[in-house]
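File shown: structure19.csv. Contents: CSV, C-alpha atoms.
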```csv
chain,number,residue,atom,x,y,z
A,1,MET,CA,-11.9,25.8,146.1
A,2,LYS,CA,-8.9,27.5,144.5
A,3,ARG,CA,-9.3,29.6,141.4
A,4,GLY,CA,-6.6,27.6,139.5
A,5,THR,CA,-8.6,24.4,140.2
A,6,TRP,CA,-11.8,26.1,139.0
A,7,ALA,CA,-10.2,27.3,135.8
A,8,MET,CA,-8.8,23.8,135.0
A,9,GLY,CA,-12.2,22.3,135.5
A,10,VAL,CA,-13.9,24.8,133.2
A,11,VAL,CA,-11.4,24.3,130.4
A,12,GLY,CA,-11.7,20.5,130.6
A,13,THR,CA,-15.5,20.5,130.6
A,14,ALA,CA,-15.5,23.0,127.6
A,15,GLN,CA,-13.3,20.7,125.6
A,16,LEU,CA,-15.6,17.8,126.2
A,17,VAL,CA,-18.6,19.8,125.1
A,18,ALA,CA,-16.9,20.8,121.8
A,19,ALA,CA,-16.2,17.2,120.8
A,20,ALA,CA,-17.4,16.4,117.2
A,21,PRO,CA,-20.0,13.6,116.5
A,22,ALA,CA,-18.6,10.2,115.7
A,23,SER,CA,-20.5,9.8,112.4
A,24,ALA,CA,-22.0,12.5,110.2
A,25,LEU,CA,-23.2,13.3,106.7
A,26,ARG,CA,-20.6,14.6,104.2
A,27,LEU,CA,-21.4,17.2,101.6
A,28,ALA,CA,-20.9,14.8,98.7
A,29,ASP,CA,-23.5,12.4,100.2
A,30,ALA,CA,-25.9,15.2,100.8
A,31,LEU,CA,-25.7,16.3,97.2
A,32,ALA,CA,-26.2,12.8,96.0
A,33,ARG,CA,-29.3,12.3,98.2
A,34,ALA,CA,-30.8,15.6,97.0
A,35,ARG,CA,-30.3,14.8,93.3
A,36,ALA,CA,-32.0,11.5,93.9
A,37,ALA,CA,-34.9,12.7,96.1
A,38,SER,CA,-35.6,16.3,95.3
A,39,PRO,CA,-39.2,16.7,93.9
A,40,VAL,CA,-38.0,19.5,91.7
A,41,VAL,CA,-35.3,17.3,90.1
A,42,GLN,CA,-37.7,14.4,89.8
A,43,SER,CA,-40.3,16.6,88.1
A,44,ALA,CA,-37.7,17.8,85.6
A,45,ALA,CA,-36.6,14.2,85.0
A,46,ALA,CA,-40.2,13.3,84.2
A,47,ASP,CA,-40.4,16.2,81.7
A,48,VAL,CA,-37.3,14.7,80.0
A,49,ASP,CA,-39.2,11.4,79.5
A,50,VAL,CA,-42.2,13.4,78.2
A,51,ALA,CA,-40.0,15.1,75.6
A,52,ARG,CA,-38.4,11.8,74.5
A,53,GLY,CA,-41.9,10.4,74.0
A,54,ARG,CA,-42.8,13.3,71.8
A,55,LEU,CA,-39.6,12.8,69.8
A,56,ARG,CA,-40.5,9.1,69.3
A,57,GLN,CA,-43.9,10.2,68.1
A,58,ALA,CA,-42.5,12.8,65.8
A,59,ARG,CA,-40.4,10.2,63.9
A,60,LEU,CA,-43.6,8.3,63.0
A,61,LEU,CA,-45.9,9.2,60.0
A,62,PRO,CA,-48.5,11.5,61.3
A,63,ALA,CA,-51.4,9.9,59.3
A,64,ASN,CA,-52.3,6.2,59.2
A,65,PRO,CA,-53.7,4.6,56.0
A,66,VAL,CA,-57.4,4.6,55.7
A,67,LEU,CA,-59.1,1.4,54.4
A,68,SER,CA,-62.8,1.7,53.4
A,69,ALA,CA,-65.2,-0.7,51.8
A,70,ASP,CA,-68.7,-0.3,50.4
A,71,LEU,CA,-71.5,-2.5,49.2
A,72,ALA,CA,-74.5,-1.5,47.1
A,73,ARG,CA,-77.5,-3.5,45.9
A,74,HIS,CA,-79.2,-3.1,42.5
A,75,THR,CA,-82.7,-4.3,41.7
A,76,ALA,CA,-83.4,-4.8,38.0
A,77,PRO,CA,-86.9,-4.2,36.6
A,78,GLY,CA,-87.3,-8.0,36.1
A,79,GLY,CA,-86.6,-8.5,39.8
A,80,GLU,CA,-83.0,-9.6,39.5
A,81,ASP,CA,-80.7,-8.4,42.3
A,82,THR,CA,-77.1,-7.5,41.8
A,83,LYS,CA,-74.5,-6.2,44.2
A,84,ASP,CA,-71.7,-3.7,43.8
A,85,ARG,CA,-68.6,-4.2,45.9
A,86,GLY,CA,-65.7,-1.9,46.4
A,87,VAL,CA,-62.6,-1.4,48.5
A,88,GLN,CA,-60.4,1.7,48.8
A,89,LEU,CA,-57.1,2.6,50.4
A,90,GLU,CA,-56.0,6.2,51.2
A,91,GLN,CA,-52.7,7.5,52.5
A,92,GLU,CA,-51.7,11.1,53.3
A,93,ILE,CA,-48.1,11.8,52.2
A,94,GLU,CA,-45.8,14.4,53.8
A,95,VAL,CA,-44.0,16.6,51.4
A,96,GLY,CA,-41.7,19.6,51.5
A,97,GLY,CA,-39.5,18.4,54.3
A,98,GLN,CA,-42.2,18.5,57.0
A,99,ARG,CA,-41.1,15.3,58.7
A,100,GLY,CA,-37.5,16.6,59.1
A,101,LEU,CA,-38.7,19.9,60.6
A,102,ARG,CA,-41.0,18.0,63.0
A,103,VAL,CA,-38.3,15.7,64.1
A,104,SER,CA,-35.8,18.6,64.5
A,105,ALA,CA,-38.3,20.5,66.7
A,106,ALA,CA,-38.8,17.4,68.9
A,107,GLN,CA,-35.0,17.0,69.3
A,108,HIS,CA,-34.8,20.7,70.4
A,109,ASP,CA,-37.6,19.9,72.9
A,110,VAL,CA,-35.6,17.0,74.3
A,111,ALA,CA,-32.4,19.1,74.6
A,112,HIS,CA,-34.4,21.8,76.3
A,113,ALA,CA,-35.8,19.3,78.8
A,114,ASP,CA,-32.3,18.0,79.5
A,115,TYR,CA,-30.9,21.5,80.2
A,116,VAL,CA,-33.9,22.3,82.4
A,117,LEU,CA,-33.1,19.1,84.4
A,118,ALA,CA,-29.5,20.2,84.7
A,119,ASP,CA,-30.5,23.6,85.8
A,120,ARG,CA,-32.8,22.2,88.5
A,121,ARG,CA,-29.8,20.1,89.8
A,122,ARG,CA,-27.7,23.2,89.7
A,123,THR,CA,-30.1,25.2,91.9
A,124,VAL,CA,-30.8,22.3,94.2
A,125,ASP,CA,-27.0,21.8,94.7
A,126,GLY,CA,-26.7,25.4,95.7
A,127,GLU,CA,-29.5,25.1,98.2
A,128,VAL,CA,-28.0,21.9,99.6
A,129,ARG,CA,-24.6,23.5,100.0
A,130,ARG,CA,-26.0,26.5,101.8
A,131,ALA,CA,-28.2,24.4,104.1
A,132,PHE,CA,-25.4,22.0,104.8
A,133,PHE,CA,-23.0,24.6,106.0
A,134,GLY,CA,-25.8,26.4,107.7
A,135,LEU,CA,-26.4,23.3,109.8
A,136,ALA,CA,-22.6,23.0,110.4
A,137,ALA,CA,-22.5,26.5,111.7
A,138,ALA,CA,-25.6,26.0,113.8
A,139,ASP,CA,-23.8,22.9,115.4
A,140,ARG,CA,-20.8,25.1,116.2
A,141,ARG,CA,-23.0,27.8,117.6
A,142,GLN,CA,-24.8,25.2,119.7
A,143,ARG,CA,-21.5,23.8,121.1
A,144,LEU,CA,-20.3,27.3,121.8
A,145,ALA,CA,-23.6,28.1,123.7
A,146,ALA,CA,-23.2,24.9,125.7
A,147,GLU,CA,-19.6,25.8,126.5
A,148,ARG,CA,-20.7,29.2,127.6
A,149,LEU,CA,-23.3,27.7,129.9
A,150,VAL,CA,-20.8,25.4,131.4
A,151,LEU,CA,-18.4,28.3,132.0
A,152,ALA,CA,-21.2,30.4,133.5
A,153,SER,CA,-22.5,27.6,135.7
A,154,ARG,CA,-19.0,26.8,137.0
A,155,LEU,CA,-18.4,30.5,137.7
A,156,ALA,CA,-21.7,30.9,139.4
A,157,GLU,CA,-21.0,27.9,141.7
A,158,ALA,CA,-17.5,29.3,142.5
A,159,ALA,CA,-19.0,32.7,143.2
A,160,ARG,CA,-21.6,31.3,145.6
A,161,ARG,CA,-19.0,29.3,147.5
A,162,ARG,CA,-16.7,32.3,147.8
A,163,ALA,CA,-19.6,34.5,148.9
A,164,ARG,CA,-20.5,32.0,151.6
A,165,ALA,CA,-16.8,32.0,152.6
A,166,GLY,CA,-16.8,35.8,152.8
A,167,GLU,CA,-14.2,36.2,150.1
A,168,VAL,CA,-16.5,38.2,147.7
A,169,GLY,CA,-19.7,40.1,148.1
A,170,ALA,CA,-23.2,39.1,147.3
A,171,LEU,CA,-23.1,41.2,144.1
A,172,ASP,CA,-20.6,38.9,142.5
A,173,ALA,CA,-22.8,35.9,143.1
A,174,ARG,CA,-25.8,37.7,141.6
A,175,LEU,CA,-23.9,38.8,138.6
A,176,ALA,CA,-22.7,35.2,138.1
A,177,GLU,CA,-26.4,34.0,138.3
A,178,VAL,CA,-27.4,36.6,135.7
A,179,GLU,CA,-24.7,35.4,133.4
A,180,THR,CA,-25.9,31.8,133.8
A,181,ALA,CA,-29.4,32.8,132.9
A,182,ARG,CA,-28.1,34.6,129.8
A,183,ALA,CA,-26.1,31.5,128.9
A,184,GLU,CA,-29.2,29.3,129.2
A,185,GLN,CA,-31.2,31.6,127.0
A,186,GLU,CA,-28.5,31.6,124.4
A,187,ARG,CA,-28.3,27.8,124.5
A,188,THR,CA,-32.1,27.6,123.9
A,189,ALA,CA,-31.8,30.0,121.0
A,190,ALA,CA,-28.9,28.0,119.6
A,191,GLU,CA,-31.0,24.8,119.9
A,192,THR,CA,-33.9,26.4,118.0
A,193,GLU,CA,-31.6,27.7,115.3
A,194,ARG,CA,-30.0,24.3,115.0
A,195,ALA,CA,-33.4,22.6,114.6
A,196,ARG,CA,-34.4,25.2,111.9
A,197,ALA,CA,-31.1,24.5,110.1
A,198,ALA,CA,-31.6,20.8,110.3
A,199,ALA,CA,-35.1,21.1,108.9
A,200,ARG,CA,-33.9,23.2,106.0
A,201,LEU,CA,-31.3,20.5,105.1
A,202,ALA,CA,-33.8,17.7,105.5
A,203,VAL,CA,-36.1,19.4,103.0
A,204,ALA,CA,-33.2,20.0,100.6
A,205,ILE,CA,-32.1,16.3,100.6
A,206,GLY,CA,-35.5,14.7,101.0
A,207,ALA,CA,-34.7,13.2,104.5
A,208,PRO,CA,-37.6,11.9,106.6
A,209,PRO,CA,-38.7,14.1,109.5
A,210,ASP,CA,-37.5,11.7,112.1
A,211,GLU,CA,-33.9,11.3,110.7
A,212,PRO,CA,-31.3,12.9,113.0
A,213,LEU,CA,-29.0,14.9,110.8
A,214,THR,CA,-25.4,15.7,111.7
A,215,VAL,CA,-22.8,16.9,109.2
A,216,ASP,CA,-19.1,16.7,108.7
A,217,ALA,CA,-18.0,20.0,107.3
A,218,GLU,CA,-14.3,19.8,107.7
A,219,GLU,CA,-13.5,20.1,103.9
A,220,GLN,CA,-11.0,22.6,102.8
A,221,VAL,CA,-12.5,25.7,101.1
A,222,GLY,CA,-11.2,27.6,98.2
A,223,PHE,CA,-11.4,27.4,94.4
A,224,ALA,CA,-8.6,27.4,91.9
A,225,GLY,CA,-7.2,30.9,91.5
A,226,ASP,CA,-8.8,31.6,88.1
A,227,THR,CA,-9.6,35.1,86.9
A,228,GLU,CA,-13.1,36.5,86.8
A,229,GLU,CA,-13.0,36.3,83.0
A,230,ALA,CA,-12.3,32.5,83.2
A,231,PHE,CA,-15.2,32.1,85.6
A,232,VAL,CA,-17.5,34.1,83.3
A,233,ALA,CA,-16.4,32.2,80.2
A,234,ARG,CA,-17.1,28.9,82.0
A,235,ALA,CA,-20.5,30.1,83.2
A,236,LEU,CA,-21.6,31.2,79.8
A,237,ALA,CA,-20.5,27.9,78.3
A,238,ALA,CA,-21.9,25.7,81.0
A,239,ARG,CA,-25.0,27.4,82.5
A,240,PRO,CA,-27.9,25.1,81.6
A,241,ASP,CA,-30.6,27.8,82.0
A,242,LEU,CA,-29.0,29.8,79.2
A,243,ALA,CA,-28.6,26.7,77.0
A,244,ALA,CA,-32.3,25.8,77.7
A,245,ALA,CA,-33.4,29.2,76.6
A,246,ARG,CA,-31.5,28.9,73.4
A,247,GLU,CA,-33.0,25.4,72.7
A,248,GLU,CA,-36.4,26.7,73.4
A,249,ARG,CA,-35.9,29.5,70.9
A,250,ALA,CA,-34.7,27.0,68.3
A,251,ARG,CA,-37.7,24.7,68.9
A,252,PHE,CA,-40.2,27.5,68.5
A,253,GLU,CA,-38.5,28.7,65.3
A,254,THR,CA,-38.5,25.2,63.9
A,255,GLU,CA,-42.1,24.6,64.7
A,256,ALA,CA,-43.0,28.0,63.1
A,257,SER,CA,-41.2,26.8,59.9
A,258,LEU,CA,-43.1,23.6,60.1
A,259,ALA,CA,-46.4,25.4,60.4
A,260,ARG,CA,-45.5,27.7,57.5
A,261,ARG,CA,-44.6,24.7,55.3
A,262,ARG,CA,-47.7,22.8,56.3
A,263,GLY,CA,-50.0,25.7,55.6
A,264,ARG,CA,-48.6,26.6,52.2
A,265,VAL,CA,-47.5,23.2,50.9
A,266,PRO,CA,-50.5,20.9,51.7
A,267,ASN,CA,-50.0,17.2,52.0
A,268,PRO,CA,-51.6,15.2,49.1
A,269,ILE,CA,-53.7,12.2,49.8
A,270,LEU,CA,-53.1,9.2,47.5
A,271,ARG,CA,-56.0,6.9,46.9
A,272,GLY,CA,-56.3,3.4,45.2
A,273,PHE,CA,-59.6,1.5,44.8
A,274,TYR,CA,-61.0,-1.7,43.3
A,275,ARG,CA,-64.7,-2.2,42.5
A,276,GLU,CA,-67.0,-5.0,41.2
A,277,GLU,CA,-70.2,-3.6,39.7
A,278,GLN,CA,-73.1,-5.0,37.8
A,279,PHE,CA,-72.6,-6.8,34.5
A,280,GLU,CA,-69.5,-8.3,36.2
A,281,GLU,CA,-67.4,-5.1,35.6
A,282,HIS,CA,-64.1,-5.0,37.5
A,283,ILE,CA,-62.8,-1.5,38.0
A,284,ALA,CA,-59.4,-0.6,39.5
A,285,GLY,CA,-58.0,2.9,39.7
A,286,GLY,CA,-56.5,5.6,41.9
A,287,GLY,CA,-56.5,9.2,42.5
A,288,VAL,CA,-55.0,12.1,44.4
A,289,SER,CA,-56.6,14.7,46.7
A,290,ILE,CA,-54.9,18.0,47.4
A,291,PRO,CA,-56.3,20.4,50.1
A,292,LEU,CA,-56.4,24.0,48.8
A,293,PRO,CA,-54.7,26.4,51.3
A,294,ILE,CA,-57.2,29.1,50.9
A,295,TRP,CA,-58.7,29.8,54.3
A,296,ASN,CA,-56.5,28.1,56.8
A,297,ARG,CA,-52.7,28.4,56.1
A,298,GLU,CA,-51.7,28.0,59.8
A,299,GLN,CA,-51.2,31.8,60.0
A,300,GLY,CA,-52.2,32.1,63.6
A,301,THR,CA,-50.1,29.1,64.7
A,302,GLU,CA,-47.1,30.5,62.9
A,303,ALA,CA,-47.5,33.9,64.5
A,304,SER,CA,-47.9,32.4,67.9
A,305,LEU,CA,-44.8,30.3,67.6
A,306,LEU,CA,-42.7,33.2,66.3
A,307,ALA,CA,-43.8,35.3,69.3
A,308,GLN,CA,-42.8,32.6,71.7
A,309,ALA,CA,-39.5,32.3,69.9
A,310,ARG,CA,-38.9,36.0,70.4
A,311,GLY,CA,-39.7,35.6,74.1
A,312,ALA,CA,-37.2,32.8,74.4
A,313,ALA,CA,-34.6,34.9,72.6
A,314,ILE,CA,-35.2,37.8,75.0
A,315,GLU,CA,-34.8,35.4,77.9
A,316,ALA,CA,-31.5,34.1,76.4
A,317,ALA,CA,-30.3,37.7,76.0
A,318,ARG,CA,-31.2,38.5,79.5
A,319,LEU,CA,-29.3,35.5,80.9
A,320,GLU,CA,-26.3,36.4,78.7
A,321,ALA,CA,-26.2,39.8,80.3
A,322,ALA,CA,-27.1,38.6,83.8
A,323,ILE,CA,-24.7,35.7,84.2
A,324,PRO,CA,-21.5,37.8,84.2
A,325,LEU,CA,-23.0,40.0,86.8
A,326,GLU,CA,-24.0,37.0,88.9
A,327,VAL,CA,-20.5,35.6,88.7
A,328,HIS,CA,-19.0,39.0,89.5
A,329,LEU,CA,-21.1,39.5,92.6
A,330,ALA,CA,-20.5,35.9,93.8
A,331,LEU,CA,-16.8,36.3,93.4
A,332,VAL,CA,-16.8,39.7,95.2
A,333,ARG,CA,-18.8,38.2,98.1
A,334,ARG,CA,-16.4,35.2,98.2
A,335,ALA,CA,-13.3,37.4,98.3
A,336,ALA,CA,-14.8,39.5,101.1
A,337,ALA,CA,-15.9,36.5,103.0
A,338,GLU,CA,-12.6,34.8,102.6
A,339,GLN,CA,-10.7,37.9,103.8
A,340,THR,CA,-13.0,38.2,106.8
A,341,TRP,CA,-12.6,34.5,107.7
A,342,ARG,CA,-8.8,34.6,107.3
A,343,ARG,CA,-8.6,37.5,109.7
A,344,TYR,CA,-10.6,35.6,112.3
A,345,GLU,CA,-8.6,32.4,111.7
A,346,ASP,CA,-5.1,34.0,111.6
A,347,VAL,CA,-5.6,36.9,114.1
A,348,ALA,CA,-8.8,37.0,116.1
A,349,LEU,CA,-9.1,33.4,117.2
A,350,PRO,CA,-5.5,32.9,118.3
A,351,ALA,CA,-5.7,36.2,120.1
A,352,ALA,CA,-8.9,35.1,121.8
A,353,ARG,CA,-7.4,31.8,122.9
A,354,SER,CA,-4.4,33.7,124.3
A,355,ALA,CA,-6.6,36.3,126.0
A,356,ARG,CA,-8.6,33.5,127.6
A,357,ASP,CA,-5.5,32.1,129.2
A,358,LEU,CA,-4.4,35.6,130.4
A,359,LEU,CA,-7.9,36.2,131.8
A,360,GLU,CA,-7.7,32.9,133.8
A,361,ARG,CA,-4.3,33.8,135.2
A,362,GLY,CA,-5.3,37.4,135.9
A,363,TYR,CA,-8.4,36.3,137.8
A,364,ASP,CA,-6.5,33.6,139.6
A,365,ALA,CA,-3.8,36.2,140.6
A,366,GLY,CA,-6.5,38.7,141.8
A,367,TYR,CA,-5.8,41.3,139.1
A,368,LEU,CA,-9.4,41.0,137.7
A,369,SER,CA,-12.6,41.3,139.6
A,370,LEU,CA,-15.6,39.1,138.7
A,371,PRO,CA,-17.4,41.8,136.7
A,372,ASP,CA,-14.3,42.4,134.7
A,373,LEU,CA,-13.9,38.7,134.0
A,374,LEU,CA,-17.5,38.4,132.9
A,375,LEU,CA,-17.2,41.3,130.6
A,376,GLN,CA,-14.0,40.1,128.9
A,377,GLN,CA,-15.3,36.6,128.8
A,378,ASP,CA,-18.4,37.8,127.0
A,379,ARG,CA,-16.2,39.7,124.4
A,380,LEU,CA,-14.2,36.6,123.7
A,381,LEU,CA,-17.3,34.4,123.2
A,382,GLN,CA,-18.7,37.1,120.9
A,383,THR,CA,-15.5,36.9,118.9
A,384,ARG,CA,-15.8,33.2,118.5
A,385,ALA,CA,-19.4,33.5,117.6
A,386,ALA,CA,-18.6,36.0,114.9
A,387,ALA,CA,-15.8,33.7,113.6
A,388,ILE,CA,-18.5,31.0,113.2
A,389,ASP,CA,-20.6,33.4,111.2
A,390,ALA,CA,-17.7,34.3,109.0
A,391,TRP,CA,-16.9,30.6,108.4
A,392,ARG,CA,-20.5,30.1,107.4
A,393,ASP,CA,-20.5,33.1,105.1
A,394,LEU,CA,-17.4,31.9,103.4
A,395,HIS,CA,-19.0,28.5,102.6
A,396,GLU,CA,-22.3,30.2,101.5
A,397,ALA,CA,-20.2,32.4,99.2
A,398,GLU,CA,-18.5,29.3,97.8
A,399,ALA,CA,-22.0,27.9,97.1
A,400,ASP,CA,-23.0,31.1,95.3
A,401,VAL,CA,-19.9,30.9,93.1
A,402,SER,CA,-20.6,27.2,92.3
A,403,GLU,CA,-24.2,28.0,91.4
A,404,ALA,CA,-23.4,31.1,89.4
A,405,ALA,CA,-20.6,29.5,87.4
A,406,ALA,CA,-22.3,26.0,87.1
A,407,GLU,CA,-19.5,24.3,88.9
A,408,THR,CA,-20.4,20.7,89.6
A,409,SER,CA,-17.7,19.6,92.1
A,410,PRO,CA,-18.8,19.3,95.8
```

Before we go any further, please render this structure as C-alpha cells.
Amino acid sequence: MKRGTWAMGVVGTAQLVAAAPASALRLADALARARAASPVVQSAAADVDVARGRLRQARLLPANPVLSADLARHTAPGGEDTKDRGVQLEQEIEVGGQRGLRVSAAQHDVAHADYVLADRRRTVDGEVRRAFFGLAAADRRQRLAAERLVLASRLAEAARRRARAGEVGALDARLAEVETARAEQERTAAETERARAAARLAVAIGAPPDEPLTVDAEEQVGFAGDTEEAFVARALAARPDLAAAREERARFETEASLARRRGRVPNPILRGFYREEQFEEHIAGGGVSIPLPIWNREQGTEASLLAQARGAAIEAARLEAAIPLEVHLALVRRAAAEQTWRRYEDVALPAARSARDLLERGYDAGYLSLPDLLLQQDRLLQTRAAAIDAWRDLHEAEADVSEAAAETSP
C-alpha cells in the first residue's frame, strides 16, 4: 500500500465523517419552543393573569350593600298581639379618591407582572442561545474526534502492514496503536460532552427526553457596529427587570397612599330603613355611620408598604448601576472572542489545512518519520479543536450581549 494512496483514503473518509445532518433545529425555532414550553416563562405568564384578576377586582366597589330585616311581637295586657316589621339597607361609600388609588396600584401590579414575564423570556433566551451553540460546538468536536479516530486507525493499519513488510520497525506500529487508543478515548469524551450539551438544550426548550436534537448553527454572527453608549442606552430603556423594579416601587407607594387615606378618611356607611310598628305606625328614615379613626389608622400597613417601596427603589438603583457594567463586560468579552475567532478563521485554520497537505506530501516523500507525523498531526487537530472553542465562545459572547442589552432578535 503506497503512502499516497493511504493519504487519499484518509482525507476522503474524513470528509465523509464531517458531513452535516440533513435536518436540524434552527436558533429561531429553539427560541420559540423555549418561550412556549419553559416552566419559568409559564409561571410568569400565570402571574400576569393573577395580576389582571386583581385589577378587575380593584375596579369593583369593595363593599356590597347589606339588606337586613327584623320582626318583633308585642303582647298587650288584654292579650292582643301585634307585630313590628322592619327592613334596612346599608351601603359603605368610598371617599377621598380611594378607588382611584386602588385601581392605580392594581395597574402597577399588572405592569410589574408583564415586565417580570418579559425578563423571564430574556433570561430564557440567553440560556437557549448558549445551550444551542454549546450543542453545535459539541457536534463539531464530536465530528473532529471521529475524524481523528479515522486518521489514527488508517495510520495504524498502514504502520502494521509496513512493519510486516519490513519497511518500518515495530516501534512505529506501537506508536500508531497508542494514537488510535487516544483517539478512541477522545471520541468517547466527545460523545459524552455532546450528550450533556443536548440535555442542556432539551431542558432549555422543554424537549422530551427521547427527542434527538441536532442544530443548524450556520447563521452569521455579529451585531451592528453601535457604540457602547448606544448599547447602554438601549439596555436602560429596554431591560424589563429594571422596569419591573420601578413598577414595584410605584405600586407600593400607591398602596401606602391608599392605606394612609383609608386610615385617616374613613368611609361612611349610609343607611335607609322602613318600619311598621304597633298602632299602624309607618316609619321611614335613614342615617349615616362614620368609623372614628382613633386606634387603627393603618399605621403599620403604611409603614410596611413604604419600607417595601424603599426596597424596590434600592433594587432599581442597583440595576441602573449594574446594567452599564453588564453591557460593558459583555461587549468586552464579545470583542475579545471575535478577535480570537477571526485569527483562527483567517490565519490558523488556513495554515492548518496547508500544513496538513504539506505533512502528507512530506511523509509520502520520506522526509518525515511516523513519530514526527503523529506529533504534527496532533498539533493540527488541537488547533482545529481550539478553533471550535473560539467559535463557541464568540456565540456565547453574542448571547451575553443580547441578554445584557435586552436584544430580542435571534

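Compared by their closest atoms to Glu345 of chain A, and using only C-alpha atoms, the residues A:Thr75, A:Thr383, A:Gln42, A:Gln299 rank with A:Thr383 nearest.
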
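Closest approach to Arg33 of chain A among A:Gly206, A:Ala156, A:Gln91, A:Ala58 is made by A:Gly206 (distances from only C-alpha atoms).
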
For Ser23 of chain A, which of A:Leu213, A:Ala198, A:Ile269, A:Leu331 is the closest residue, counting all atoms listed in the file? A:Leu213

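With distances restricted to all atoms listed in the file, A:Ala118 is the closest residue to Leu242 of chain A from A:Leu306, A:Leu175, A:Ala256, A:Ala118.
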
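Distance check against Glu177 of chain A using all atoms listed in the file: of A:Ala189, A:Gly300, A:Leu155, A:Glu80, the minimum falls on A:Leu155.
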
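Taking all atoms listed in the file into account, those protein, DNA and RNA residues with any atom at most 7 Å away from (-32.3, 17.1, 100.7) amount to Ala30, Arg33, Ala34, Ala37, Ser38, Val128, Leu201, Ala202, Val203, Ala204, Ile205, Gly206 and Ala207 of chain A.
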
Restrict the selected residues to C-alpha atoms and save them as a short mmCIF file (atom, residue, chain, number, x, y, z; two decimals), keeping the file's coordinate frame.
```cif
data_model
loop_
_atom_site.label_atom_id
_atom_site.label_comp_id
_atom_site.auth_asym_id
_atom_site.auth_seq_id
_atom_site.Cartn_x
_atom_site.Cartn_y
_atom_site.Cartn_z
CA ALA A 30 -25.90 15.20 100.80
CA ARG A 33 -29.30 12.30 98.20
CA ALA A 34 -30.80 15.60 97.00
CA ALA A 37 -34.90 12.70 96.10
CA SER A 38 -35.60 16.30 95.30
CA VAL A 128 -28.00 21.90 99.60
CA LEU A 201 -31.30 20.50 105.10
CA ALA A 202 -33.80 17.70 105.50
CA VAL A 203 -36.10 19.40 103.00
CA ALA A 204 -33.20 20.00 100.60
CA ILE A 205 -32.10 16.30 100.60
CA GLY A 206 -35.50 14.70 101.00
CA ALA A 207 -34.70 13.20 104.50
#
```

Within 12 Å of (-10.2, 37.9, 113.5) (coordinates as in the file), grab all the protein and nucleic acid residues, counting all atoms listed in the file, and write them out as a PyMOL selection string. chain A and resi 338-353+380+382-391

Go through A:Gln308, A:Ser43, A:Thr123, A:Ser104 one by one, measure the shortest atom-to-atom distance of each to Arg239 of chain A using only C-alpha atoms, and give the residue with the smallest value. A:Thr123

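Computed from the coordinates, the atom CA of Ile314 of chain A to atom CA of Ala105 of chain A distance equals 19.4 Å.
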
Taking N, CA and C atoms as the atom set, what does segment 59-72 of chain A look like once completed, written as an mmCIF file, keeping the file's coordinate frame?
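And here is the file that came out, rebuild07.cif:
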```cif
data_model
loop_
_atom_site.group_PDB
_atom_site.id
_atom_site.type_symbol
_atom_site.label_atom_id
_atom_site.label_comp_id
_atom_site.auth_asym_id
_atom_site.auth_seq_id
_atom_site.Cartn_x
_atom_site.Cartn_y
_atom_site.Cartn_z
ATOM 1 N N ARG A 59 -41.106 10.949 64.987
ATOM 2 C CA ARG A 59 -40.400 10.200 63.900
ATOM 3 C C ARG A 59 -41.426 9.285 63.155
ATOM 4 N N LEU A 60 -42.644 9.140 63.665
ATOM 5 C CA LEU A 60 -43.600 8.300 63.000
ATOM 6 C C LEU A 60 -44.384 9.154 61.929
ATOM 7 N N LEU A 61 -44.991 8.469 60.947
ATOM 8 C CA LEU A 61 -45.900 9.200 60.000
ATOM 9 C C LEU A 61 -47.069 9.720 60.740
ATOM 10 N N PRO A 62 -47.455 10.947 60.467
ATOM 11 C CA PRO A 62 -48.500 11.500 61.300
ATOM 12 C C PRO A 62 -49.915 10.951 60.947
ATOM 13 N N ALA A 63 -50.100 10.391 59.740
ATOM 14 C CA ALA A 63 -51.400 9.900 59.300
ATOM 15 C C ALA A 63 -51.332 8.410 59.021
ATOM 16 N N ASN A 64 -52.257 7.639 59.553
ATOM 17 C CA ASN A 64 -52.300 6.200 59.200
ATOM 18 C C ASN A 64 -53.101 6.019 57.926
ATOM 19 N N PRO A 65 -52.850 4.903 57.215
ATOM 20 C CA PRO A 65 -53.700 4.600 56.000
ATOM 21 C C PRO A 65 -55.117 4.383 56.404
ATOM 22 N N VAL A 66 -55.992 4.743 55.482
ATOM 23 C CA VAL A 66 -57.400 4.600 55.700
ATOM 24 C C VAL A 66 -57.956 3.567 54.718
ATOM 25 N N LEU A 67 -58.529 2.499 55.234
ATOM 26 C CA LEU A 67 -59.100 1.400 54.400
ATOM 27 C C LEU A 67 -60.630 1.530 54.540
ATOM 28 N N SER A 68 -61.302 1.604 53.420
ATOM 29 C CA SER A 68 -62.800 1.700 53.400
ATOM 30 C C SER A 68 -63.324 0.688 52.421
ATOM 31 N N ALA A 69 -64.534 0.237 52.688
ATOM 32 C CA ALA A 69 -65.200 -0.700 51.800
ATOM 33 C C ALA A 69 -66.687 -0.288 51.684
ATOM 34 N N ASP A 70 -67.312 -0.664 50.540
ATOM 35 C CA ASP A 70 -68.700 -0.300 50.400
ATOM 36 C C ASP A 70 -69.422 -1.477 49.653
ATOM 37 N N LEU A 71 -70.692 -1.518 49.848
ATOM 38 C CA LEU A 71 -71.500 -2.500 49.200
ATOM 39 C C LEU A 71 -72.856 -1.886 48.841
ATOM 40 N N ALA A 72 -73.257 -2.125 47.591
ATOM 41 C CA ALA A 72 -74.500 -1.500 47.100
ATOM 42 C C ALA A 72 -75.332 -2.648 46.416
#
```
